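Encoded as structure tokens, the structure appears first; notes follow it.
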Amino acid sequence: MNSISQTKLKIGDKAPDFTAKDQDGKQITLSAYKGKKVILYFYPKDQTPGCTQEACNLRDNIGALSDEGYEVLGVSTDDEVSHKEFQQKYSLPFSLVADTDKSINEKYGVWVEKERDGKKYWGTARVTFLIDENGNISNIIDKVDTKEHASQILKF
């Protein structure tokens with residue numbers, strides 16, 4: 001894959017619908033969450049330090065997030081087996097969506113060219129979309145603090 005969808009979603013846009021499998025092989029469809037607020041967070045890779053911090057911060061604050069009416073969905077390009085291990089190891093109380101074909105990443109414009117140690121590669125940008133009860137994007141957090149992500153979300 002060497003191209004990126006140039007989709008630049010904005011606050012107020014309709015959140016692109018998708019259907020994919022979660023860590024249990026269950027079909028997850030964004031439109032099934034209509035009437036609920038959704039935290040749709042994209043992260044690069046299961047079991048890596050930053051992604052683990054972010055997931056555990058959301059887990060540790062799930063009560064406060066639920067009190068605000070939020071459902072949490074994590075998305076990465078890892079497969080269902082990887083997601084299941086990640087979820088079980090850290091007791092994550094939310095679904096992790098397997099976007100192995102990168103179609104959800106592309107719809108949301110988070111499949112981007114990155115650089116590490118002078119080498120360019122493609123990967124998932126760490127971005128969170130807050131989606132309202134009507135399926136519209138109410139906020140976008142593109143500077144995620146992995147240790148304090150829940151408080152970033154609760155500010156809105």
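Letters A, B, ... go to the chains of the structure tokens in the order shown; residues in each chain start at 1; ligands are counted from 1 in the same order.
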- as a PyMOL selection string, list the residues of segment 9-150 of chain A assigned to alpha helix (DSSP H) by DSSP on the backbone atoms of this structure. chain A and resi 49-60+62-67+80-89+103-107+149-150
- Mind listing the strand (DSSP E) residues of segment 53-106 of chain A, per DSSP on the backbone, as a list in words?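 Residues meeting the strand (DSSP E) criterion: Tyr70, Glu71, Val72, Leu73, Gly74, Val75, Ser76, Ser95, Leu96, Val97 and Ala98 of chain A.
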Filtering to C-alpha atoms, could you give me those residues as a PDB file, in the first residue's frame?
```pdb
ATOM      1  CA  TYR A  70     -19.536   7.139  25.831  1.00  0.00           C
ATOM      2  CA  GLU A  71     -18.915   3.732  24.283  1.00  0.00           C
ATOM      3  CA  VAL A  72     -15.244   3.040  23.472  1.00  0.00           C
ATOM      4  CA  LEU A  73     -14.000   1.376  20.274  1.00  0.00           C
ATOM      5  CA  GLY A  74     -10.295   0.926  19.594  1.00  0.00           C
ATOM      6  CA  VAL A  75      -9.080   0.389  16.020  1.00  0.00           C
ATOM      7  CA  SER A  76      -5.724  -0.849  14.764  1.00  0.00           C
ATOM      8  CA  SER A  95     -14.054  -3.725  21.776  1.00  0.00           C
ATOM      9  CA  LEU A  96     -10.920  -3.638  19.647  1.00  0.00           C
ATOM     10  CA  VAL A  97     -11.689  -3.546  15.935  1.00  0.00           C
ATOM     11  CA  ALA A  98      -9.419  -5.454  13.528  1.00  0.00           C
TER      12      ALA A  98
END
```
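Among A:Leu40, A:Ala150, A:Cys56, A:Ala20, the residue with the shortest atom-to-atom distance to Tyr108 of chain A, counting only C-alpha atoms, is A:Leu40.
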- Message: Need the shell around Asn134 of chain A: protein/DNA/RNA residues with any atom at most 12 Å away, counting only C-alpha atoms. Skip same-chain ones fewer than 6 positions apart. Format as a list in words?
- Response: Gly12, Asp13, Lys14, Ala15, Leu30, Ser31, Ala32, Tyr33, Lys34, Gly35, Lys36, Lys37 and Val38 of chain A
For the interface of segment 36-75 of chain A with segment 122-129 of chain A (cut-off 8 Å, counting only C-alpha atoms), please tabulate each contacting residue of segment 36-75 of chain A alongside its nearest pair of atoms and their separation in Å to one decimal, rows sorted by chain and increasing number, as a tab-separated table.
```
residue	atom	partner	partner_atom	distance
A:Ile39	CA	A:Phe129	CA	6.1
A:Leu40	CA	A:Phe129	CA	5.1
A:Tyr41	CA	A:Thr128	CA	4.2
A:Phe42	CA	A:Val127	CA	5.4
A:Tyr43	CA	A:Arg126	CA	4.8
A:Pro44	CA	A:Thr124	CA	4.9
```
- Task: Tell me which protein, DNA and RNA residues are within 9 Å of Ile104 of chain A, counting only C-alpha atoms, leaving out same-chain ones fewer than 2 positions away, and put them as number ranges by chain.
- Result: A: 16-20, 75, 99, 101-102, 106-111
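One distance worth recording is that between atom CA of Gln152 of chain A and atom CA of Leu130 of chain A, which is 11.1 Å.
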- Query: Contacts of Glu54 of chain A at 10 Å or less, counting only C-alpha atoms, minus same-chain residues fewer than 2 places along, as a ChimeraX atom specification?
  - Reply: /A:41,43,49-52,56-60,126,144-150
